[in-house]
file structure.cif (mmCIF, C-alpha atoms)
data_coords
loop_
_atom_site.label_atom_id
_atom_site.label_comp_id
_atom_site.auth_asym_id
_atom_site.auth_seq_id
_atom_site.Cartn_x
_atom_site.Cartn_y
_atom_site.Cartn_z
CA MET A 127 12.12 -3.07 49.96
CA SER A 128 12.18 -6.18 47.82
CA TYR A 129 10.89 -6.85 44.32
CA LEU A 130 10.37 -9.77 41.97
CA LEU A 131 11.84 -9.40 38.51
CA ARG A 132 9.97 -11.17 35.73
CA MET A 133 10.29 -11.21 31.97
CA PHE A 134 7.05 -10.32 30.20
CA SER A 135 5.77 -9.25 26.80
CA SER A 136 4.27 -5.76 26.84
CA SER A 137 3.03 -6.11 23.26
CA LYS A 138 0.89 -9.09 24.23
CA TRP A 139 -0.65 -7.29 27.21
CA LEU A 140 -1.25 -3.91 25.56
CA PRO A 141 -4.58 -5.00 23.98
CA CYS A 142 -5.78 -6.00 27.46
CA LEU A 143 -5.28 -2.60 29.10
CA GLU A 144 -8.97 -1.72 29.06
CA LEU A 145 -10.31 -5.23 29.63
CA ASP A 146 -11.54 -6.89 32.79
CA GLN A 147 -9.76 -10.03 33.91
CA ALA A 148 -12.21 -12.50 32.39
CA SER A 149 -11.67 -10.91 28.97
CA TYR A 150 -7.86 -10.96 28.91
CA GLU A 151 -6.64 -12.18 25.54
CA ALA A 152 -5.54 -15.79 25.63
CA ASP A 153 -2.35 -14.98 23.71
CA ALA A 154 -1.23 -12.72 26.58
CA VAL A 155 -1.80 -15.47 29.12
CA THR A 156 -0.45 -18.40 27.12
CA GLY A 157 2.38 -16.47 25.45
CA CYS A 158 3.59 -14.42 28.40
CA THR A 159 2.62 -16.02 31.68
CA ARG A 160 3.58 -19.51 30.64
CA THR A 161 3.91 -21.91 33.55
CA SER A 162 6.10 -24.92 34.16
CA LYS A 163 4.97 -27.43 36.78
CA ASN A 164 2.32 -24.84 37.73
CA THR A 165 4.93 -22.28 38.70
CA LEU A 166 6.00 -18.92 37.30
CA SER A 167 9.68 -18.04 37.46
CA VAL A 168 10.75 -14.74 39.08
CA TRP A 169 13.97 -13.35 40.54
CA HIS A 170 14.28 -11.62 43.89
CA THR A 171 16.00 -8.23 44.10
CA ASN A 172 16.26 -5.44 46.63
CA SER A 173 16.57 -2.67 44.08
CA ASP A 174 14.02 -1.05 41.80
CA ASP A 175 16.81 0.44 39.71
CA PHE A 176 17.14 -1.48 36.45
CA GLU A 177 20.65 -0.10 36.10
CA SER A 178 21.86 -1.59 39.39
CA GLU A 179 24.56 -4.23 38.98
CA HIS A 180 22.44 -6.89 40.62
CA ASN A 181 19.45 -6.26 38.37
CA LYS A 182 21.68 -6.24 35.31
CA LYS A 183 22.90 -9.67 36.37
CA LEU A 184 19.33 -10.90 36.67
CA ILE A 185 18.54 -9.54 33.23
CA THR A 186 21.66 -11.25 31.89
CA ALA A 187 20.44 -14.54 33.33
CA LEU A 188 17.09 -14.08 31.60
CA ALA A 189 18.79 -13.21 28.31
CA LEU A 190 20.99 -16.30 28.43
CA SER A 191 17.94 -18.49 28.80
CA MET A 192 16.74 -17.27 25.40
CA THR A 193 17.55 -19.09 22.17
CA LYS A 194 19.29 -15.99 20.80
CA ALA A 195 19.86 -12.32 21.61
CA GLN A 196 16.55 -10.50 21.48
CA THR A 197 14.74 -7.51 22.91
CA PHE A 198 12.42 -8.24 25.82
CA ASP A 199 10.53 -6.56 28.62
CA VAL A 200 11.04 -6.93 32.35
CA VAL A 201 8.88 -5.82 35.24
CA LEU A 202 9.54 -5.51 38.98
CA LEU A 203 6.52 -6.90 40.81
CA ASP A 204 5.74 -6.10 44.42
CA PRO A 205 5.96 -9.32 46.50
CA ALA A 206 3.39 -7.97 48.97
CA ASN A 207 0.82 -7.57 46.17
CA ILE A 208 1.53 -11.11 45.02
CA THR A 209 1.12 -12.71 48.44
CA ASN A 210 -1.96 -10.58 49.15
CA LYS A 211 -3.57 -12.24 46.16
CA GLY A 212 -3.00 -15.64 47.75
CA ILE A 213 -0.02 -16.57 45.61
CA GLU A 214 2.83 -18.25 47.45
CA ILE A 215 6.42 -17.26 46.73
CA VAL A 216 8.82 -20.19 47.10
CA ALA A 217 12.62 -20.10 46.99
CA SER A 218 14.06 -22.49 44.41
CA LYS A 219 17.60 -22.56 43.08
CA GLY A 220 18.00 -20.96 39.68
CA GLN A 221 19.73 -22.67 36.78
CA SER A 222 21.48 -19.61 35.41
CA LEU A 223 25.07 -19.54 34.17
CA LEU A 224 25.61 -16.77 36.74
CA ASP A 225 26.10 -18.80 39.92
CA SER A 226 26.13 -15.77 42.18
CA ILE A 227 22.45 -15.01 41.55
CA ASN A 228 20.97 -18.50 41.47
CA THR A 229 19.96 -18.23 45.13
CA ASP A 230 17.77 -15.26 44.17
CA HIS A 231 15.44 -17.37 42.10
CA ARG A 232 11.83 -17.76 43.27
CA ASP A 233 8.75 -19.58 42.06
CA LEU A 234 5.23 -18.24 42.18
CA SER A 235 3.81 -21.62 43.09
CA ALA A 236 0.56 -23.55 42.70
CA ILE A 237 -0.53 -21.35 39.83
CA ASN A 238 -4.01 -22.07 38.49
CA LEU A 239 -6.26 -20.29 36.01
CA ASN A 240 -7.50 -17.84 38.63
CA LYS A 241 -3.98 -17.01 39.82
CA LEU A 242 -2.78 -16.49 36.24
CA GLY A 243 -5.43 -13.81 35.97
CA LEU A 244 -4.22 -12.22 39.19
CA VAL A 245 -0.63 -12.12 37.94
CA GLY A 246 -2.00 -10.60 34.74
CA ASP A 247 -3.70 -7.92 36.85
CA GLU A 248 -0.35 -7.04 38.38
CA ILE A 249 1.45 -6.85 35.04
CA LEU A 250 -1.30 -4.66 33.58
CA MET A 251 -1.20 -2.35 36.58
CA HIS A 252 2.50 -1.74 35.85
CA LEU A 253 1.78 -1.11 32.17
CA ARG A 254 -1.12 1.26 32.88
CA GLU A 255 0.81 3.28 35.42
CA GLU A 256 4.11 2.97 33.58
CA LEU A 257 5.54 1.65 36.82
CA ARG A 258 8.79 -0.32 37.18
CA PHE A 259 9.05 -1.94 33.80
CA LYS A 260 11.72 -1.69 31.17
CA ARG A 261 12.25 -2.71 27.59
CA VAL A 262 15.72 -4.20 27.42
CA THR A 263 17.06 -3.71 23.91
CA LYS A 264 19.08 -6.29 22.03
CA ALA A 265 22.17 -4.08 22.17
CA GLU A 266 21.86 -3.75 25.96
CA VAL A 267 21.44 -7.47 26.36
CA ILE A 268 24.52 -8.19 24.28
CA GLY A 269 26.51 -5.68 26.30
CA TYR A 270 25.43 -7.32 29.57
CA VAL A 271 26.39 -10.77 28.32
CA PHE A 272 29.81 -9.62 27.13
CA LYS A 273 30.47 -8.11 30.54
CA HIS A 274 30.17 -11.56 32.14
CA LEU A 275 31.62 -13.63 29.32
CA ASP A 276 34.97 -15.21 30.23
CA VAL A 277 34.37 -14.13 33.83
CA ASP A 278 31.27 -15.96 35.02
CA PHE A 279 30.92 -18.35 32.08
CA GLU A 280 32.78 -19.43 28.97
CA PHE A 281 31.88 -19.29 25.29
CA ASP A 282 31.28 -23.06 25.26
CA ASP A 283 28.68 -22.69 28.01
CA LEU A 284 26.45 -20.62 25.73
CA ASN A 285 23.68 -22.09 23.59
CA ALA A 286 24.08 -22.15 19.81
CA GLY A 287 22.17 -18.91 19.24
CA TRP A 288 24.30 -16.98 21.71
CA GLN A 289 27.53 -18.50 20.41
CA LYS A 290 26.57 -17.28 16.95
CA GLU A 291 25.81 -13.80 18.31
CA VAL A 292 29.08 -13.58 20.24
CA THR A 293 31.03 -14.71 17.18
CA LYS A 294 29.25 -12.09 15.07
CA GLN A 295 29.96 -9.32 17.56
CA ARG A 296 33.61 -10.30 17.87
CA ALA A 297 33.98 -10.22 14.10
CA LYS A 298 32.65 -6.65 14.08
CA ASN A 299 35.23 -5.47 16.59
CA MET B 212 -12.78 -15.13 -19.72
CA GLN B 213 -9.77 -17.33 -19.59
CA GLU B 214 -7.96 -15.05 -22.02
CA LEU B 215 -8.88 -12.04 -19.97
CA ASP B 216 -7.37 -13.75 -16.99
CA PHE B 217 -4.24 -14.27 -18.98
CA TYR B 218 -3.91 -10.56 -19.57
CA HIS B 219 -4.68 -9.67 -16.00
CA HIS B 220 -2.17 -12.12 -14.62
CA ALA B 221 0.62 -11.29 -16.99
CA ASN B 222 3.69 -9.65 -15.58
CA PRO B 223 2.98 -5.90 -15.88
CA TYR B 224 6.30 -5.41 -17.61
CA GLU B 225 5.47 -8.03 -20.23
CA TYR B 226 1.98 -6.65 -20.59
CA ALA B 227 3.39 -3.21 -21.31
CA ILE B 228 5.65 -4.62 -24.04
CA ALA B 229 2.77 -6.61 -25.46
CA ASP B 230 0.55 -3.60 -25.49
CA THR B 231 3.05 -1.70 -27.57
CA LEU B 232 3.86 -4.56 -29.90
CA THR B 233 0.23 -5.22 -30.80
CA HIS B 234 0.09 -1.70 -32.20
CA SER B 235 -2.08 -0.21 -29.60
CA ASP B 236 -4.19 1.77 -32.07
CA SER B 237 -6.16 -1.19 -33.32
CA PHE B 238 -6.40 -2.71 -29.88
CA PHE B 239 -7.89 0.42 -28.43
CA LYS B 240 -10.22 0.98 -31.36
CA GLU B 241 -11.69 -2.45 -30.84
CA SER B 242 -12.10 -1.80 -27.18
CA GLN B 243 -13.64 1.58 -27.63
CA SER B 244 -16.12 0.39 -30.23
CA SER B 245 -17.41 -2.23 -27.89
CA ASN B 246 -20.06 -1.61 -25.29
CA ASP B 247 -18.34 -4.01 -23.02
CA PHE B 248 -14.57 -3.91 -22.68
CA VAL B 249 -14.53 -7.18 -20.81
CA GLN B 250 -16.33 -8.99 -23.61
CA GLU B 251 -13.99 -7.44 -26.14
CA ALA B 252 -10.93 -8.44 -24.18
CA SER B 253 -12.20 -11.99 -23.79
CA TYR B 254 -11.85 -12.65 -27.50
CA SER B 255 -8.65 -10.64 -27.81
CA SER B 256 -7.00 -13.98 -27.58
CA LYS B 257 -3.39 -14.77 -27.09
CA ASP B 258 -3.26 -16.09 -30.68
CA ARG B 259 -4.69 -12.95 -32.17
CA PHE B 260 -2.49 -10.93 -29.93
CA LEU B 261 0.58 -12.74 -31.19
CA ALA B 262 -0.63 -12.92 -34.79
CA SER B 263 -0.94 -9.19 -34.90
CA VAL B 264 2.76 -8.95 -34.30
CA ASP B 265 3.49 -11.15 -37.31
CA GLU B 266 2.39 -8.30 -39.54
CA PRO B 267 5.38 -6.00 -39.82
CA SER B 268 4.09 -2.66 -38.86
CA PRO B 269 5.41 0.35 -37.10
CA ASP B 270 5.07 0.71 -33.41
CA LEU B 271 3.74 3.84 -31.78
CA TRP B 272 6.91 5.69 -32.69
CA GLY B 273 7.00 4.42 -36.27
CA ASN B 274 9.87 2.01 -35.77
CA SER B 275 10.02 -1.43 -37.31
CA LEU B 276 8.86 -4.22 -35.05
CA THR B 277 10.99 -6.94 -36.62
CA SER B 278 13.43 -7.28 -33.81
CA GLN B 279 10.69 -6.88 -31.23
CA LYS B 280 8.76 -9.66 -32.95
CA THR B 281 11.64 -11.99 -32.37
CA LEU B 282 11.65 -11.00 -28.74
CA LEU B 283 7.94 -11.63 -28.44
CA SER B 284 8.20 -14.95 -30.23
CA PHE B 285 10.67 -16.09 -27.62
CA ARG B 286 8.40 -14.84 -24.90
CA SER B 287 5.37 -16.60 -26.36
CA ASN B 288 7.14 -19.92 -26.14
CA THR B 289 8.18 -19.56 -22.56
CA SER B 290 6.82 -16.75 -20.49
CA PHE B 291 3.08 -17.42 -20.51
CA LYS B 292 3.67 -20.81 -19.01
CA ASP B 293 6.38 -19.45 -16.74
CA VAL B 294 4.13 -16.73 -15.39
CA SER B 295 1.50 -19.28 -14.49
CA GLU B 296 4.04 -21.59 -12.90
CA ARG B 297 5.61 -18.71 -11.05
CA GLU B 298 2.28 -17.70 -9.59
CA LYS B 299 1.54 -21.24 -8.50
CA VAL B 300 4.88 -21.60 -6.75
CA THR B 301 4.61 -18.15 -5.18
CA GLU B 302 1.11 -18.80 -3.84
CA LYS B 303 2.02 -22.21 -2.51
CA LYS B 304 5.16 -21.08 -0.75
CA ALA B 305 3.48 -17.96 0.62
CA ARG B 306 0.77 -20.19 2.08
CA SER B 307 3.42 -22.23 3.88
CA ILE B 308 4.73 -19.04 5.51
CA VAL B 309 1.27 -17.79 6.41
CA ALA B 310 0.65 -21.15 8.08
CA ILE B 311 3.62 -20.51 10.37
CA ALA B 312 2.22 -17.06 11.24
CA ASN B 313 -1.11 -18.63 12.11
CA ASN B 314 0.04 -21.77 13.88
CA GLN B 315 3.08 -20.72 15.91
CA ILE B 316 3.02 -18.05 18.56
CA PHE B 317 5.99 -15.73 18.81
CA VAL B 318 7.45 -15.71 22.29
CA GLU B 319 10.60 -13.74 22.97
CA GLY B 320 13.54 -16.06 23.39
CA GLU B 321 11.79 -19.18 22.19
CA TYR B 322 12.48 -21.10 19.01
CA ASN B 323 10.24 -20.69 15.98
CA SER B 324 10.63 -22.29 12.58
CA LEU B 325 10.37 -19.17 10.43
CA GLU B 326 14.09 -18.58 10.02
CA SER B 327 14.90 -22.08 8.82
CA HIS B 328 11.86 -22.06 6.54
CA LEU B 329 12.76 -18.73 4.92
CA GLU B 330 16.36 -19.83 4.57
CA THR B 331 15.24 -22.93 2.70
CA LEU B 332 12.91 -20.96 0.42
CA LYS B 333 15.60 -18.39 -0.29
CA HIS B 334 17.92 -21.20 -1.31
CA GLN B 335 15.36 -23.09 -3.40
CA PHE B 336 13.59 -20.13 -5.03
CA PRO B 337 15.99 -17.18 -5.02
CA ASP B 338 14.21 -15.50 -7.94
CA TYR B 339 10.77 -15.88 -6.39
CA PHE B 340 11.65 -14.92 -2.85
CA SER B 341 10.62 -11.28 -3.08
CA GLU B 342 7.27 -12.15 -4.66
CA ILE B 343 6.65 -14.80 -2.03
CA LEU B 344 7.14 -12.26 0.76
CA THR B 345 4.91 -9.75 -1.04
CA THR B 346 2.19 -12.37 -1.27
CA VAL B 347 2.59 -13.12 2.43
CA TRP B 348 2.16 -9.42 3.13
CA THR B 349 -1.05 -9.18 1.13
CA ASN B 350 -2.38 -12.23 2.97
CA LEU B 351 -1.52 -11.07 6.46
CA PHE B 352 -2.07 -7.32 6.33
CA THR B 353 -5.78 -7.53 7.18
CA ASP B 354 -5.14 -9.86 10.13
CA GLU B 355 -3.32 -7.73 12.68
CA LYS B 356 -2.79 -10.52 15.20
CA ALA B 357 -1.18 -12.82 12.69
CA LEU B 358 0.80 -9.94 11.19
CA ALA B 359 2.21 -8.82 14.56
CA ASN B 360 2.99 -12.43 15.40
CA PHE B 361 4.76 -12.90 12.06
CA LEU B 362 6.79 -9.72 12.50
CA GLY B 363 7.87 -10.93 15.92
CA MET B 364 9.17 -14.08 14.32
CA LEU B 365 10.70 -12.08 11.49
CA SER B 366 12.76 -10.22 14.08
CA THR B 367 14.51 -13.53 14.80
CA VAL B 368 15.49 -14.02 11.15
CA ASP B 369 18.95 -12.94 10.03
CA TYR B 370 18.92 -9.93 7.73
CA ASP B 371 21.16 -11.80 5.29
CA ILE B 372 18.24 -14.11 4.54
CA VAL B 373 15.55 -11.52 3.86
CA GLY B 374 17.58 -8.55 2.59
CA ARG B 375 15.76 -5.90 0.58
CA SER B 376 12.61 -7.99 0.45
CA GLY B 377 12.50 -7.80 4.22
CA ASP B 378 12.97 -4.02 4.15
CA MET B 379 9.90 -3.60 2.01
CA PHE B 380 7.85 -6.01 4.08
CA ALA B 381 8.61 -4.34 7.39
CA ALA B 382 8.37 -0.75 6.15
CA ALA B 383 5.01 -1.46 4.52
CA CYS B 384 3.67 -2.86 7.79
CA TYR B 385 4.27 0.38 9.66
CA SER B 386 1.34 1.96 7.84
CA HIS B 387 -0.91 -0.40 9.81
CA GLN B 388 -2.94 1.22 12.58
CA ASP B 389 -2.47 -1.64 15.06
CA ILE B 390 -0.01 -0.75 17.80
CA GLN B 391 1.28 -4.32 18.17
CA VAL B 392 2.12 -4.39 14.47
CA LYS B 393 3.96 -1.08 14.65
CA ASP B 394 5.83 -2.12 17.79
CA ALA B 395 6.87 -5.31 16.03
CA VAL B 396 8.15 -3.32 13.03
CA VAL B 397 10.54 -1.37 15.28
CA ARG B 398 11.61 -4.65 16.84
CA VAL B 399 12.39 -6.05 13.38
CA PHE B 400 14.49 -3.07 12.33
CA GLU B 401 16.30 -3.15 15.65
CA ALA B 402 17.12 -6.84 15.28
CA TRP B 403 18.43 -6.46 11.72
CA GLU B 404 20.98 -3.84 12.80
CA GLN B 405 21.12 -2.00 9.47
CA PRO B 406 22.14 1.67 9.82
CA GLY B 407 19.98 2.66 6.83
CA HIS B 408 16.85 1.54 8.64
CA ALA B 409 17.16 4.50 11.00
CA ASN B 410 15.80 6.58 8.13
CA TYR B 411 12.68 4.42 7.90
CA LEU B 412 12.03 4.74 11.61
CA GLN B 413 12.52 8.49 11.48
CA MET B 414 9.89 8.79 8.77
CA MET B 415 7.38 6.77 10.72
CA GLU B 416 4.52 8.23 12.71
CA PRO B 417 5.41 8.60 16.42
CA PHE B 418 3.73 6.28 18.93
CA ASN B 419 1.20 7.79 21.29
CA VAL B 420 2.29 5.28 23.96
CA PRO B 421 5.25 6.92 25.75
CA PHE B 422 7.38 3.83 26.36
CA LEU B 423 7.01 2.69 22.76
CA GLU B 424 7.92 6.13 21.44
CA LYS B 425 10.95 6.12 23.73
CA TYR B 426 11.83 2.71 22.31
CA ARG B 427 11.48 3.92 18.69
CA LEU B 428 13.71 6.92 19.36
CA SER B 429 16.32 4.80 21.14
CA ILE B 430 16.46 2.41 18.20
CA ILE B 431 16.90 5.28 15.74
CA GLU B 432 19.81 6.48 17.85
CA TYR B 433 21.24 2.99 18.07
CA LEU B 434 21.03 2.32 14.33
CA GLN B 435 22.63 5.67 13.59
CA SER B 436 25.51 4.74 15.87
CA ILE B 437 26.33 1.59 13.92
CA LYS B 438 29.32 2.05 11.68
#
call {"tool": "encode", "arguments": {"input": "structure.cif", "output": "structure tokens"}}
result
Amino acid sequence: MSYLLRMFSSSKWLPCLELDQASYEADAVTGCTRTSKNTLSVWHTNSDDFESEHNKKLITALALSMTKAQTFDVVLLDPANITNKGIEIVASKGQSLLDSINTDHRDLSAINLNKLGLVGDEILMHLREELRFKRVTKAEVIGYVFKHLDVDFEFDDLNAGWQKEVTKQRAKN
Amino acid sequence: MQELDFYHHANPYEYAIADTLTHSDSFFKESQSSNDFVQEASYSSKDRFLASVDEPSPDLWGNSLTSQKTLLSFRSNTSFKDVSEREKVTEKKARSIVAIANNQIFVEGEYNSLESHLETLKHQFPDYFSEILTTVWTNLFTDEKALANFLGMLSTVDYDIVGRSGDMFAAACYSHQDIQVKDAVVRVFEAWEQPGHANYLQMMEPFNVPFLEKYRLSIIEYLQSIK
């Protein structure tokens, strides 16, 4: 069984739980399912266990793309549900600092307004049914990053926000 | 009415001193004899208020007011103007923060300008900072979307910048009924990594959304584990 891991914002979607698609709040769509070149970024995985090593690596990649260490939500979407909605899943090399997972990157391609709503449907289904989503805390994220630091990437590879966080954590220990 | 405004806008601490120094007996008698307190207060001018102190007379406890008069004289030369200026600055700077809450959307992992703005204000107006944040709170509390958005951004601000003023802001927001606001409060306390904040979270009403309640409890545990 395969899944598509995506970062999302549960707090932005919570007000939409009881709404039909046409009434989804714009902040949820524009703040959470933000596209680039009409694509949405996801990561392929074969495990639905957020604690699996592979999924932790994917979460680390997402965390490192952030401007600083922060809490965020992730969801494991079902690829079959996505393709059944007419959304194409295209392999595209990831740009993560973790080279070993970059081949797992996928794009949900040719996203338009209608397809954004369909992706929103999927995310809300997971929230409603409390299915395959996780809030990754800041402490967890920092732990994941430290596990790969000096192994898969160096301090100098990190952005300014992460360098500051790593320095702060090292000073504590 | 201008004079009434003066009294209403005075620092409560100063007002309390003034109330005592103007030998409250006569002040209250005037007020009570009037059918309209507001009208009475409107001609209880600053000058009369200060002049009354020039007459050496005992305060409520029968002590001489001489030394207190000196204190008030100093205050009359500076504080009335300062209070007005302080309010102007506070309002203006609070508006600049509210504008960020209204014009920028918080997205996890993306840059927002709140941290640099608060850092600048803290540096420029260290004595006003707490009042500025309080004014922001009063402006945003009735707008749950903007408040939740602001709290999201606040979670990206270093605790060293906001300190105790931030504690009050975040804790006061948890009384809000909006679930996004309350979720954002937990996020703020988590991000600030202050062990003492575990107590705030423990005193807060549990979420009725299971994953959020699990999150709140995990953050309490995490904060308690920080040495």
call {"tool": "closest_atom_pairs", "arguments": {"input": "structure.cif", "of": "chain B", "to": "chain A", "cutoff": "12 Å", "atoms": "only C-alpha atoms", "output": "JSON lines"}}
result
{"residue": "B:Gln315", "atom": "CA", "partner": "A:Gly157", "partner_atom": "CA", "distance": 10.5}
{"residue": "B:Ile316", "atom": "CA", "partner": "A:Gly157", "partner_atom": "CA", "distance": 7.1}
{"residue": "B:Phe317", "atom": "CA", "partner": "A:Gly157", "partner_atom": "CA", "distance": 7.6}
{"residue": "B:Val318", "atom": "CA", "partner": "A:Gly157", "partner_atom": "CA", "distance": 6.0}
{"residue": "B:Glu319", "atom": "CA", "partner": "A:Phe198", "partner_atom": "CA", "distance": 6.5}
{"residue": "B:Gly320", "atom": "CA", "partner": "A:Met192", "partner_atom": "CA", "distance": 4.0}
{"residue": "B:Glu321", "atom": "CA", "partner": "A:Thr193", "partner_atom": "CA", "distance": 5.8}
{"residue": "B:Tyr322", "atom": "CA", "partner": "A:Thr193", "partner_atom": "CA", "distance": 6.3}
{"residue": "B:Asn323", "atom": "CA", "partner": "A:Thr193", "partner_atom": "CA", "distance": 9.7}
{"residue": "B:Glu355", "atom": "CA", "partner": "A:Pro141", "partner_atom": "CA", "distance": 11.7}
{"residue": "B:Lys356", "atom": "CA", "partner": "A:Asp153", "partner_atom": "CA", "distance": 9.6}
{"residue": "B:Ala357", "atom": "CA", "partner": "A:Asp153", "partner_atom": "CA", "distance": 11.3}
{"residue": "B:Ala359", "atom": "CA", "partner": "A:Ser137", "partner_atom": "CA", "distance": 9.1}
{"residue": "B:Asn360", "atom": "CA", "partner": "A:Lys138", "partner_atom": "CA", "distance": 9.7}
{"residue": "B:Leu362", "atom": "CA", "partner": "A:Ser137", "partner_atom": "CA", "distance": 12.0}
{"residue": "B:Gly363", "atom": "CA", "partner": "A:Ser137", "partner_atom": "CA", "distance": 10.0}
{"residue": "B:Met364", "atom": "CA", "partner": "A:Gln196", "partner_atom": "CA", "distance": 10.9}
{"residue": "B:Leu365", "atom": "CA", "partner": "A:Gln196", "partner_atom": "CA", "distance": 11.7}
{"residue": "B:Ser366", "atom": "CA", "partner": "A:Gln196", "partner_atom": "CA", "distance": 8.3}
{"residue": "B:Thr367", "atom": "CA", "partner": "A:Gln196", "partner_atom": "CA", "distance": 7.6}
{"residue": "B:Val368", "atom": "CA", "partner": "A:Lys194", "partner_atom": "CA", "distance": 10.6}
{"residue": "B:Asp369", "atom": "CA", "partner": "A:Glu291", "partner_atom": "CA", "distance": 10.8}
{"residue": "B:Asp389", "atom": "CA", "partner": "A:Pro141", "partner_atom": "CA", "distance": 9.8}
{"residue": "B:Ile390", "atom": "CA", "partner": "A:Ser137", "partner_atom": "CA", "distance": 8.2}
{"residue": "B:Gln391", "atom": "CA", "partner": "A:Ser137", "partner_atom": "CA", "distance": 5.7}
{"residue": "B:Val392", "atom": "CA", "partner": "A:Ser137", "partner_atom": "CA", "distance": 9.0}
{"residue": "B:Lys393", "atom": "CA", "partner": "A:Ser137", "partner_atom": "CA", "distance": 10.0}
{"residue": "B:Asp394", "atom": "CA", "partner": "A:Ser137", "partner_atom": "CA", "distance": 7.3}
{"residue": "B:Ala395", "atom": "CA", "partner": "A:Ser137", "partner_atom": "CA", "distance": 8.2}
{"residue": "B:Val396", "atom": "CA", "partner": "A:Ser137", "partner_atom": "CA", "distance": 11.8}
{"residue": "B:Val397", "atom": "CA", "partner": "A:Thr197", "partner_atom": "CA", "distance": 10.7}
{"residue": "B:Arg398", "atom": "CA", "partner": "A:Thr197", "partner_atom": "CA", "distance": 7.4}
{"residue": "B:Val399", "atom": "CA", "partner": "A:Thr197", "partner_atom": "CA", "distance": 9.9}
{"residue": "B:Phe400", "atom": "CA", "partner": "A:Lys264", "partner_atom": "CA", "distance": 11.2}
{"residue": "B:Glu401", "atom": "CA", "partner": "A:Lys264", "partner_atom": "CA", "distance": 7.6}
{"residue": "B:Ala402", "atom": "CA", "partner": "A:Lys264", "partner_atom": "CA", "distance": 7.1}
{"residue": "B:Trp403", "atom": "CA", "partner": "A:Lys264", "partner_atom": "CA", "distance": 10.3}
{"residue": "B:Glu404", "atom": "CA", "partner": "A:Ala265", "partner_atom": "CA", "distance": 9.4}
{"residue": "B:Val420", "atom": "CA", "partner": "A:Leu140", "partner_atom": "CA", "distance": 10.0}
{"residue": "B:Pro421", "atom": "CA", "partner": "A:Glu256", "partner_atom": "CA", "distance": 8.8}
{"residue": "B:Phe422", "atom": "CA", "partner": "A:Glu256", "partner_atom": "CA", "distance": 8.0}
{"residue": "B:Leu423", "atom": "CA", "partner": "A:Arg261", "partner_atom": "CA", "distance": 8.9}
{"residue": "B:Glu424", "atom": "CA", "partner": "A:Arg261", "partner_atom": "CA", "distance": 11.6}
{"residue": "B:Lys425", "atom": "CA", "partner": "A:Arg261", "partner_atom": "CA", "distance": 9.7}
{"residue": "B:Tyr426", "atom": "CA", "partner": "A:Arg261", "partner_atom": "CA", "distance": 7.6}
{"residue": "B:Arg427", "atom": "CA", "partner": "A:Thr263", "partner_atom": "CA", "distance": 10.8}
{"residue": "B:Ser429", "atom": "CA", "partner": "A:Thr263", "partner_atom": "CA", "distance": 9.0}
{"residue": "B:Ile430", "atom": "CA", "partner": "A:Thr263", "partner_atom": "CA", "distance": 8.4}
{"residue": "B:Glu432", "atom": "CA", "partner": "A:Ala265", "partner_atom": "CA", "distance": 11.7}
{"residue": "B:Tyr433", "atom": "CA", "partner": "A:Ala265", "partner_atom": "CA", "distance": 8.2}
{"residue": "B:Leu434", "atom": "CA", "partner": "A:Ala265", "partner_atom": "CA", "distance": 10.2}
{"residue": "B:Ser436", "atom": "CA", "partner": "A:Ala265", "partner_atom": "CA", "distance": 11.3}
{"residue": "B:Ile437", "atom": "CA", "partner": "A:Lys298", "partner_atom": "CA", "distance": 10.4}
{"residue": "B:Lys438", "atom": "CA", "partner": "A:Lys298", "partner_atom": "CA", "distance": 9.6}
call {"tool": "residues_around", "arguments": {"input": "structure.cif", "residues": "range 217-228 of chain A", "least_positions_apart": "3", "cutoff": "7 Å", "atoms": "all atoms listed in the file", "output": "PDB file with C-alpha atoms, keeping the file's coordinate frame"}}
result
ATOM      1  CA  ALA A 187      20.440 -14.540  33.330  1.00  0.00           C
ATOM      2  CA  HIS A 231      15.440 -17.370  42.100  1.00  0.00           C
ATOM      3  CA  ARG A 232      11.830 -17.760  43.270  1.00  0.00           C
ATOM      4  CA  ASP A 233       8.750 -19.580  42.060  1.00  0.00           C
ATOM      5  CA  ASP A 278      31.270 -15.960  35.020  1.00  0.00           C
ATOM      6  CA  PHE A 279      30.920 -18.350  32.080  1.00  0.00           C
TER       7      PHE A 279
END
call {"tool": "atom_distance", "arguments": {"input": "structure.cif", "atom1": "CA of Asp293 in chain B", "atom2": "CA of Leu351 in chain B"}}
result
25.9 Å
call {"tool": "closest_residue", "arguments": {"input": "structure.cif", "among": "B:Glu326, B:Leu358, B:Gly374, B:Gln388", "to": "Phe340 in chain B", "atoms": "all atoms listed in the file"}}
result
B:Gly374
call {"tool": "resolve_selection", "arguments": {"input": "structure.cif", "expression": "the PyMOL selection byres ((chain B and resi 378) around 10)", "output": "tab-separated table (two decimals) with C-alpha atoms, keeping the file's coordinate frame"}}
result
chain	number	residue	atom	x	y	z
B	370	TYR	CA	18.92	-9.93	7.73
B	373	VAL	CA	15.55	-11.52	3.86
B	374	GLY	CA	17.58	-8.55	2.59
B	375	ARG	CA	15.76	-5.90	0.58
B	376	SER	CA	12.61	-7.99	0.45
B	377	GLY	CA	12.50	-7.80	4.22
B	379	MET	CA	9.90	-3.60	2.01
B	380	PHE	CA	7.85	-6.01	4.08
B	381	ALA	CA	8.61	-4.34	7.39
B	382	ALA	CA	8.37	-0.75	6.15
B	383	ALA	CA	5.01	-1.46	4.52
B	399	VAL	CA	12.39	-6.05	13.38
B	400	PHE	CA	14.49	-3.07	12.33
B	403	TRP	CA	18.43	-6.46	11.72
B	405	GLN	CA	21.12	-2.00	9.47
B	408	HIS	CA	16.85	1.54	8.64
B	411	TYR	CA	12.68	4.42	7.90
